[in-house]
$ cat model.cif   # mmCIF, C-alpha atoms and all ligand atoms
data_data
#
loop_
_atom_site.label_atom_id
_atom_site.label_comp_id
_atom_site.auth_asym_id
_atom_site.auth_seq_id
_atom_site.Cartn_x
_atom_site.Cartn_y
_atom_site.Cartn_z
CA MET Z 1203 -79.05 54.31 35.86
CA ALA Z 1204 -79.50 51.23 33.68
CA ALA Z 1205 -82.78 52.70 32.40
CA ASP Z 1206 -80.96 55.95 31.49
CA ARG Z 1207 -78.32 53.98 29.64
CA ALA Z 1208 -80.94 51.95 27.78
CA GLU Z 1209 -82.75 55.14 26.79
CA GLN Z 1210 -79.51 56.75 25.61
CA HIS Z 1211 -78.66 53.61 23.63
CA ALA Z 1212 -82.07 53.61 21.96
CA GLU Z 1213 -81.69 57.30 21.13
CA SER Z 1214 -78.25 56.75 19.54
CA ALA Z 1215 -79.52 53.73 17.62
CA GLY Z 1216 -82.38 55.86 16.28
CA LEU Z 1217 -79.99 58.64 15.28
CA TYR Z 1218 -77.58 56.23 13.57
CA ALA Z 1219 -80.40 54.48 11.68
CA GLY Z 1220 -81.71 57.84 10.46
CA LEU Z 1221 -78.25 58.90 9.29
CA TYR Z 1222 -77.85 55.57 7.48
CA ASP Z 1223 -81.19 55.94 5.67
CA LEU Z 1224 -80.26 59.43 4.55
CA ALA Z 1225 -76.80 58.25 3.41
CA ARG Z 1226 -78.46 55.51 1.34
CA ASP Z 1227 -80.92 57.86 -0.34
CA VAL Z 1228 -78.26 60.41 -1.18
CA ALA Z 1229 -75.74 57.81 -2.38
CA ALA Z 1230 -78.41 56.33 -4.66
CA GLU Z 1231 -79.14 59.73 -6.22
CA ALA Z 1232 -75.44 60.46 -6.65
CA GLY Z 1233 -74.92 57.00 -8.15
CA GLN Z 1234 -77.60 57.65 -10.76
CA LEU Z 1235 -76.02 60.98 -11.65
CA VAL Z 1236 -72.57 59.46 -11.93
CA GLN Z 1237 -73.85 56.69 -14.24
CA ARG Z 1238 -75.76 59.14 -16.43
CA MET Z 1239 -72.68 61.35 -16.76
CA ARG Z 1240 -70.56 58.32 -17.67
CA ARG Z 1241 -72.99 57.38 -20.47
CA GLU Z 1242 -72.86 60.94 -21.76
CA GLY Z 1243 -69.02 60.88 -21.83
CA VAL Z 1244 -66.50 61.44 -19.05
CA GLU Z 1245 -65.00 64.89 -18.94
CA VAL Z 1246 -61.76 65.55 -17.01
CA ALA Z 1247 -62.05 68.82 -15.08
CA GLY Z 1248 -58.45 69.01 -13.84
CA THR Z 1249 -55.67 67.33 -11.88
CA LYS Z 1250 -54.81 67.45 -8.17
CA SER Z 1251 -51.78 66.00 -6.34
CA SER Z 1252 -50.02 64.90 -9.60
CA ASP Z 1253 -50.68 64.76 -13.36
CA VAL Z 1254 -52.30 61.33 -12.98
CA ASP Z 1255 -54.60 62.37 -10.12
CA VAL Z 1256 -57.62 63.47 -12.14
CA VAL Z 1257 -60.93 64.97 -11.12
CA THR Z 1258 -63.87 64.61 -13.51
CA ARG Z 1259 -66.94 66.79 -13.91
CA ALA Z 1260 -68.87 63.86 -12.46
CA ASP Z 1261 -66.78 63.93 -9.23
CA GLN Z 1262 -67.68 67.60 -8.86
CA ALA Z 1263 -71.35 67.22 -9.76
CA SER Z 1264 -71.74 64.19 -7.48
CA GLU Z 1265 -70.20 66.05 -4.55
CA GLU Z 1266 -72.39 69.11 -5.19
CA LEU Z 1267 -75.49 66.94 -5.17
CA ILE Z 1268 -74.46 65.11 -1.98
CA ARG Z 1269 -73.60 68.36 -0.16
CA ARG Z 1270 -76.81 70.03 -1.22
CA ARG Z 1271 -79.00 67.07 -0.23
CA LEU Z 1272 -77.35 66.33 3.12
CA LEU Z 1273 -77.18 69.94 4.28
CA ALA Z 1274 -80.73 70.70 3.11
CA GLU Z 1275 -81.94 67.81 5.25
CA ARG Z 1276 -79.60 68.46 8.22
CA PRO Z 1277 -78.38 72.09 8.07
CA ASP Z 1278 -76.49 71.96 11.39
CA ASP Z 1279 -74.19 69.09 10.39
CA GLY Z 1280 -70.57 69.42 9.31
CA LEU Z 1281 -69.26 67.94 6.07
CA LEU Z 1282 -65.88 66.89 4.73
CA GLY Z 1283 -65.79 65.97 1.05
CA GLU Z 1284 -62.95 65.13 -1.34
CA GLU Z 1285 -63.81 67.87 -3.81
CA GLY Z 1286 -64.67 70.89 -1.67
CA ASP Z 1287 -64.04 72.91 1.46
CA GLU Z 1288 -64.89 71.47 4.85
CA VAL Z 1289 -68.12 72.79 6.38
CA ALA Z 1290 -68.12 73.12 10.18
CA GLY Z 1291 -71.30 72.04 11.95
CA THR Z 1292 -72.85 72.39 15.40
CA SER Z 1293 -74.91 69.19 15.70
CA GLY Z 1294 -72.08 66.75 16.56
CA VAL Z 1295 -72.65 64.99 13.22
CA ARG Z 1296 -70.13 65.30 10.38
CA TRP Z 1297 -70.54 63.71 6.96
CA VAL Z 1298 -67.44 62.32 5.24
CA VAL Z 1299 -67.97 61.95 1.52
CA ASP Z 1300 -66.11 60.64 -1.50
CA PRO Z 1301 -68.32 61.49 -4.50
CA ILE Z 1302 -66.43 58.96 -6.68
CA ASP Z 1303 -63.84 56.73 -5.06
CA GLY Z 1304 -61.88 55.06 -7.84
CA THR Z 1305 -62.00 58.00 -10.24
CA VAL Z 1306 -59.42 56.41 -12.56
CA ASN Z 1307 -61.59 53.29 -12.89
CA TYR Z 1308 -64.54 55.59 -13.61
CA LEU Z 1309 -62.53 57.36 -16.30
CA TYR Z 1310 -61.76 54.06 -18.04
CA GLY Z 1311 -65.15 52.41 -17.45
CA LEU Z 1312 -63.76 49.73 -15.12
CA PRO Z 1313 -66.73 48.77 -12.94
CA ALA Z 1314 -64.96 49.30 -9.59
CA TYR Z 1315 -65.76 52.78 -8.35
CA ALA Z 1316 -68.06 53.92 -5.59
CA VAL Z 1317 -70.02 56.72 -4.02
CA SER Z 1318 -68.97 56.66 -0.38
CA VAL Z 1319 -71.03 58.43 2.30
CA ALA Z 1320 -70.25 58.15 6.02
CA ALA Z 1321 -71.72 59.90 9.05
CA GLU Z 1322 -69.66 60.55 12.17
CA HIS Z 1323 -71.20 61.33 15.53
CA ASP Z 1324 -68.93 62.93 18.14
CA GLY Z 1325 -65.92 62.02 15.99
CA GLU Z 1326 -66.80 58.33 15.50
CA VAL Z 1327 -68.14 56.85 12.26
CA VAL Z 1328 -71.62 55.52 13.03
CA ALA Z 1329 -73.21 54.91 9.61
CA GLY Z 1330 -71.80 54.28 6.16
CA VAL Z 1331 -72.81 53.42 2.63
CA VAL Z 1332 -70.49 52.40 -0.21
CA LEU Z 1333 -72.43 52.13 -3.46
CA ASN Z 1334 -70.86 50.77 -6.62
CA PRO Z 1335 -73.26 52.21 -9.21
CA ALA Z 1336 -71.73 50.18 -12.04
CA THR Z 1337 -72.62 46.82 -10.44
CA GLY Z 1338 -75.51 47.91 -8.19
CA GLU Z 1339 -73.72 46.50 -5.13
CA GLU Z 1340 -74.48 48.60 -2.07
CA TYR Z 1341 -72.50 47.97 1.11
CA GLY Z 1342 -73.85 49.40 4.34
CA ALA Z 1343 -73.15 49.43 8.05
CA VAL Z 1344 -74.50 51.00 11.22
CA ARG Z 1345 -72.34 51.06 14.36
CA GLY Z 1346 -73.39 48.23 16.64
CA ALA Z 1347 -75.90 46.85 14.13
CA GLY Z 1348 -73.67 44.99 11.63
CA ALA Z 1349 -72.73 45.29 7.97
CA TRP Z 1350 -74.49 44.01 4.89
CA LEU Z 1351 -74.46 43.92 1.12
CA ARG Z 1352 -77.61 44.84 -0.78
CA THR Z 1353 -78.09 43.70 -4.36
CA PRO Z 1354 -81.29 43.41 -6.38
CA ALA Z 1355 -81.43 39.83 -4.98
CA GLY Z 1356 -81.67 41.05 -1.37
CA ARG Z 1357 -79.64 41.91 1.72
CA THR Z 1358 -76.83 39.63 2.91
CA PRO Z 1359 -74.97 40.08 6.21
CA LEU Z 1360 -71.20 40.48 5.81
CA ARG Z 1361 -68.57 38.55 7.68
CA VAL Z 1362 -64.82 38.74 7.32
CA ARG Z 1363 -63.05 35.50 6.23
CA GLU Z 1364 -61.63 33.07 8.75
CA PRO Z 1365 -58.11 34.29 9.60
CA VAL Z 1366 -55.16 32.72 7.77
CA GLU Z 1367 -51.43 33.19 8.28
CA THR Z 1368 -49.91 36.02 6.24
CA ALA Z 1369 -48.26 33.55 3.82
CA ARG Z 1370 -51.77 32.50 2.70
CA MET Z 1371 -53.35 35.95 2.55
CA LEU Z 1372 -54.81 37.59 -0.54
CA VAL Z 1373 -53.98 41.24 0.14
CA ALA Z 1374 -55.59 44.25 -1.54
CA THR Z 1375 -53.58 47.44 -1.74
CA GLY Z 1376 -53.41 50.71 -3.63
CA PHE Z 1377 -50.89 53.23 -4.91
CA ASN Z 1378 -50.90 56.90 -4.09
CA TYR Z 1379 -50.95 59.49 -6.88
CA GLU Z 1380 -47.86 61.27 -5.48
CA LEU Z 1381 -44.88 59.89 -7.35
CA GLU Z 1382 -42.39 59.64 -4.44
CA LEU Z 1383 -44.84 57.69 -2.32
CA ARG Z 1384 -45.96 55.51 -5.21
CA ARG Z 1385 -42.37 54.60 -6.13
CA ASP Z 1386 -41.72 53.36 -2.58
CA GLN Z 1387 -45.08 51.59 -2.49
CA GLY Z 1388 -44.01 49.73 -5.65
CA ARG Z 1389 -40.82 48.58 -3.93
CA ALA Z 1390 -42.72 47.55 -0.81
CA VAL Z 1391 -45.29 45.63 -2.88
CA ALA Z 1392 -42.48 43.76 -4.66
CA ARG Z 1393 -41.36 42.50 -1.22
CA LEU Z 1394 -44.92 41.81 -0.08
CA LEU Z 1395 -45.57 39.68 -3.18
CA THR Z 1396 -43.08 37.02 -2.07
CA GLN Z 1397 -44.59 36.84 1.44
CA VAL Z 1398 -48.31 36.42 0.77
CA ARG Z 1399 -50.59 34.35 -1.49
CA ASP Z 1400 -51.04 37.26 -3.90
CA VAL Z 1401 -51.80 40.97 -4.17
CA ARG Z 1402 -54.77 42.79 -5.75
CA ARG Z 1403 -54.90 46.46 -6.84
CA MET Z 1404 -58.53 47.10 -7.65
CA GLY Z 1405 -58.50 50.90 -7.55
CA ALA Z 1406 -60.95 52.06 -4.88
CA CYS Z 1407 -60.07 52.08 -1.18
CA SER Z 1408 -63.71 52.01 -0.04
CA LEU Z 1409 -64.41 48.89 -2.13
CA ASP Z 1410 -61.16 47.26 -0.96
CA LEU Z 1411 -62.35 47.61 2.63
CA CYS Z 1412 -65.74 46.20 1.65
CA ALA Z 1413 -63.89 43.32 -0.05
CA VAL Z 1414 -62.30 42.48 3.33
CA ALA Z 1415 -65.77 42.71 4.88
CA SER Z 1416 -67.28 40.31 2.36
CA GLY Z 1417 -64.38 37.85 2.41
CA ARG Z 1418 -63.33 38.55 -1.17
CA VAL Z 1419 -59.82 39.25 0.12
CA ASP Z 1420 -58.14 38.54 3.45
CA ALA Z 1421 -56.63 41.95 4.06
CA TYR Z 1422 -56.05 45.48 2.81
CA LEU Z 1423 -53.23 47.90 3.40
CA GLU Z 1424 -52.33 51.29 1.94
CA GLU Z 1425 -50.45 54.41 2.97
CA GLY Z 1426 -51.71 57.88 2.08
CA VAL Z 1427 -55.47 57.33 2.00
CA HIS Z 1428 -57.79 60.07 3.24
CA ALA Z 1429 -60.80 60.06 5.57
CA TRP Z 1430 -63.20 60.28 2.60
CA ASP Z 1431 -61.64 57.13 1.07
CA HIS Z 1432 -61.96 54.94 4.17
CA ALA Z 1433 -64.67 56.33 6.50
CA ALA Z 1434 -67.66 54.37 5.18
CA GLY Z 1435 -65.74 51.27 4.04
CA GLY Z 1436 -63.85 51.16 7.34
CA LEU Z 1437 -67.13 50.94 9.26
CA VAL Z 1438 -68.40 48.22 6.90
CA ALA Z 1439 -65.20 46.22 7.52
CA ALA Z 1440 -65.28 46.76 11.29
CA GLU Z 1441 -68.95 45.81 11.57
CA ALA Z 1442 -68.19 42.68 9.53
CA GLY Z 1443 -65.68 41.68 12.21
CA ALA Z 1444 -62.41 43.07 10.83
CA THR Z 1445 -59.96 45.27 12.67
CA VAL Z 1446 -59.18 48.53 10.90
CA ARG Z 1447 -55.88 49.92 12.15
CA GLN Z 1448 -54.74 53.50 11.55
CA GLY Z 1449 -50.95 53.74 11.81
CA THR Z 1450 -48.15 55.74 10.24
CA GLY Z 1451 -46.43 54.58 7.07
CA ALA Z 1452 -42.87 54.95 5.77
CA HIS Z 1453 -43.69 58.44 4.43
CA GLY Z 1454 -45.25 59.59 7.71
CA ARG Z 1455 -48.75 59.41 6.27
CA LEU Z 1456 -51.76 57.44 7.44
CA LEU Z 1457 -51.15 53.72 6.90
CA LEU Z 1458 -54.44 51.85 6.93
CA THR Z 1459 -54.34 48.10 7.58
CA CYS Z 1460 -57.42 45.91 7.76
CA ALA Z 1461 -57.78 42.18 8.47
CA ALA Z 1462 -59.36 39.72 10.88
CA PRO Z 1463 -58.46 40.64 14.50
CA ALA Z 1464 -56.41 37.46 15.03
CA VAL Z 1465 -53.96 38.35 12.25
CA ILE Z 1466 -53.89 42.16 12.26
CA GLU Z 1467 -50.68 42.40 14.33
CA GLU Z 1468 -48.93 39.98 11.99
CA LEU Z 1469 -50.10 42.04 8.99
CA VAL Z 1470 -48.95 45.33 10.53
CA ARG Z 1471 -45.52 43.77 11.22
CA LEU Z 1472 -45.28 42.39 7.70
CA ALA Z 1473 -46.22 45.78 6.23
CA ALA Z 1474 -43.42 47.46 8.20
CA ASP Z 1475 -40.92 44.72 7.22
CA CYS Z 1476 -41.80 45.22 3.55
CA GLY Z 1477 -41.27 48.99 3.81
CA PHE Z 1478 -44.82 50.33 3.83
C1 LIG A 1 -58.13 56.69 -4.66
C2 LIG A 1 -58.56 55.24 -4.64
C3 LIG A 1 -57.37 54.33 -4.83
C4 LIG A 1 -56.31 54.56 -3.79
C5 LIG A 1 -55.91 56.03 -3.76
C6 LIG A 1 -57.12 56.91 -3.56
P1 LIG A 1 -59.92 58.50 -5.58
O1 LIG A 1 -59.25 57.54 -4.42
O2 LIG A 1 -59.22 54.92 -3.44
O3 LIG A 1 -57.72 52.96 -4.73
O4 LIG A 1 -55.19 53.76 -4.10
O5 LIG A 1 -55.00 56.19 -2.70
O6 LIG A 1 -56.73 58.25 -3.56
O7 LIG A 1 -58.90 59.53 -5.93
O8 LIG A 1 -60.23 57.63 -6.73
O9 LIG A 1 -61.12 59.05 -4.91
#

$ encode --input "model.cif" --output "structure tokens"
Amino acid sequence: MAADRAEQHAESAGLYAGLYDLARDVAAEAGQLVQRMRREGVEVAGTKSSDVDVVTRADQASEELIRRRLLAERPDDGLLGEEGDEVAGTSGVRWVVDPIDGTVNYLYGLPAYAVSVAAEHDGEVVAGVVLNPATGEEYGAVRGAGAWLRTPAGRTPLRVREPVETARMLVATGFNYELELRRDQGRAVARLLTQVRDVRRMGACSLDLCAVASGRVDAYLEEGVHAWDHAAGGLVAAEAGATVRQGTGAHGRLLLTCAAPAVIEELVRLAADCGF
């Protein structure tokens, strides 16, 4: 029995490590494409949920590349990407991809955008890569094996900050592109501001979650994010010791909260009190 379990564990670990390696390779290629297209001049291809929710040619080209590469390598997998239709698979593995998270930062040349590639196995995220091609920072995680940051200087394990009470938290958040939701988020943030150390709006959910993982902020919360925004970053945060909580926000949409386990309940309560 124990031998069976050990064998199964080793098999899963091998699968997850392989998915992670593939995610890294593909994210690196997409990152190079995205940077080249930025140097050549960003072209807006259209808008989505509102006039300010833009999609660039680079978002589309990056997603095409990622889809093509992943499905060429693993044709039986499913794939959910921000810029295309979902592909159903048969292997039990589904890729969840944001070809550029932080598109508005990309548009303006603010160096806080990311290629985010996650692999789920039987509905659970097991490997993830969040690559910021503008800075070269590459965050990675494999379920059960930890989270790390790779830079040209090497690989550093990630650990969430020591928990602090909400009044001393630096909290990252974001605003949805849909105007109704964003208006209420603005009101909720105004309340939050008087209850915490300070608030940061950096512009990419995946990197916000990695910022919790690396201790650059204490917490993150946002309503209305999608699986492609948080799949890879959520695993990085969880493997760095954070709790990632999926709840329901004031608008009935996914409310993601992320902080050290000891303070997550307090954060969830505070978010509700503030009107998130
Ligand atoms: C957006 C970013 C932003 C968050 C939005 C997301 P996109 O993703 O993650 O930080 O506030 O809710 O939609 O559109 O740049 O991929």

$ closest_residue --input "model.cif" --among "Z:Asp1279, Z:Asp1300, Z:Asp1386, Z:Asp1223" --to "ligand LIG 1 (chain A)" --atoms "only C-alpha atoms and all ligand atoms"
Z:Asp1300

$ closest_residue --input "model.cif" --among "Z:Asp1261, Z:Asp1287, Z:Glu1441, Z:Glu1326" --to "ligand LIG 1 (chain A)" --atoms "only C-alpha atoms and all ligand atoms"
Z:Asp1261

$ atom_distance --input "model.cif" --atom1 "atom CA of Glu1231 of chain Z" --atom2 "atom CA of Ala1263 of chain Z"
11.4 Å

$ residues_near_ligand --input "model.cif" --ligand "ligand LIG 1 (chain A)" --cutoff "8 Å" --atoms "only C-alpha atoms and all ligand atoms" --output "MDAnalysis selection string"
chainID Z and resid 1255:1257 1284 1300:1307 1315 1375:1379 1403:1408 1410 1424:1428 1430:1431

$ write_last_selection --input "model.cif" --atoms "C-alpha atoms" --output "compact mmCIF listing (two decimals), in the frame of the given file"
# COMPACT_ATOMS: atom_id res chain seq x y z
CA ASP Z 1255 -54.60 62.37 -10.12
CA VAL Z 1256 -57.62 63.47 -12.14
CA VAL Z 1257 -60.93 64.97 -11.12
CA GLU Z 1284 -62.95 65.13 -1.34
CA ASP Z 1300 -66.11 60.64 -1.50
CA PRO Z 1301 -68.32 61.49 -4.50
CA ILE Z 1302 -66.43 58.96 -6.68
CA ASP Z 1303 -63.84 56.73 -5.06
CA GLY Z 1304 -61.88 55.06 -7.84
CA THR Z 1305 -62.00 58.00 -10.24
CA VAL Z 1306 -59.42 56.41 -12.56
CA ASN Z 1307 -61.59 53.29 -12.89
CA TYR Z 1315 -65.76 52.78 -8.35
CA THR Z 1375 -53.58 47.44 -1.74
CA GLY Z 1376 -53.41 50.71 -3.63
CA PHE Z 1377 -50.89 53.23 -4.91
CA ASN Z 1378 -50.90 56.90 -4.09
CA TYR Z 1379 -50.95 59.49 -6.88
CA ARG Z 1403 -54.90 46.46 -6.84
CA MET Z 1404 -58.53 47.10 -7.65
CA GLY Z 1405 -58.50 50.90 -7.55
CA ALA Z 1406 -60.95 52.06 -4.88
CA CYS Z 1407 -60.07 52.08 -1.18
CA SER Z 1408 -63.71 52.01 -0.04
CA ASP Z 1410 -61.16 47.26 -0.96
CA GLU Z 1424 -52.33 51.29 1.94
CA GLU Z 1425 -50.45 54.41 2.97
CA GLY Z 1426 -51.71 57.88 2.08
CA VAL Z 1427 -55.47 57.33 2.00
CA HIS Z 1428 -57.79 60.07 3.24
CA TRP Z 1430 -63.20 60.28 2.60
CA ASP Z 1431 -61.64 57.13 1.07

$ axis_aligned_box --input "model.cif" --around "segment 1251-1266 of chain Z" --padding-each-side "8 Å" --output "JSON"
{"center_x": -61.2, "center_y": 65.2, "center_z": -9.2, "size_x": 38.4, "size_y": 23.8, "size_z": 25.4}
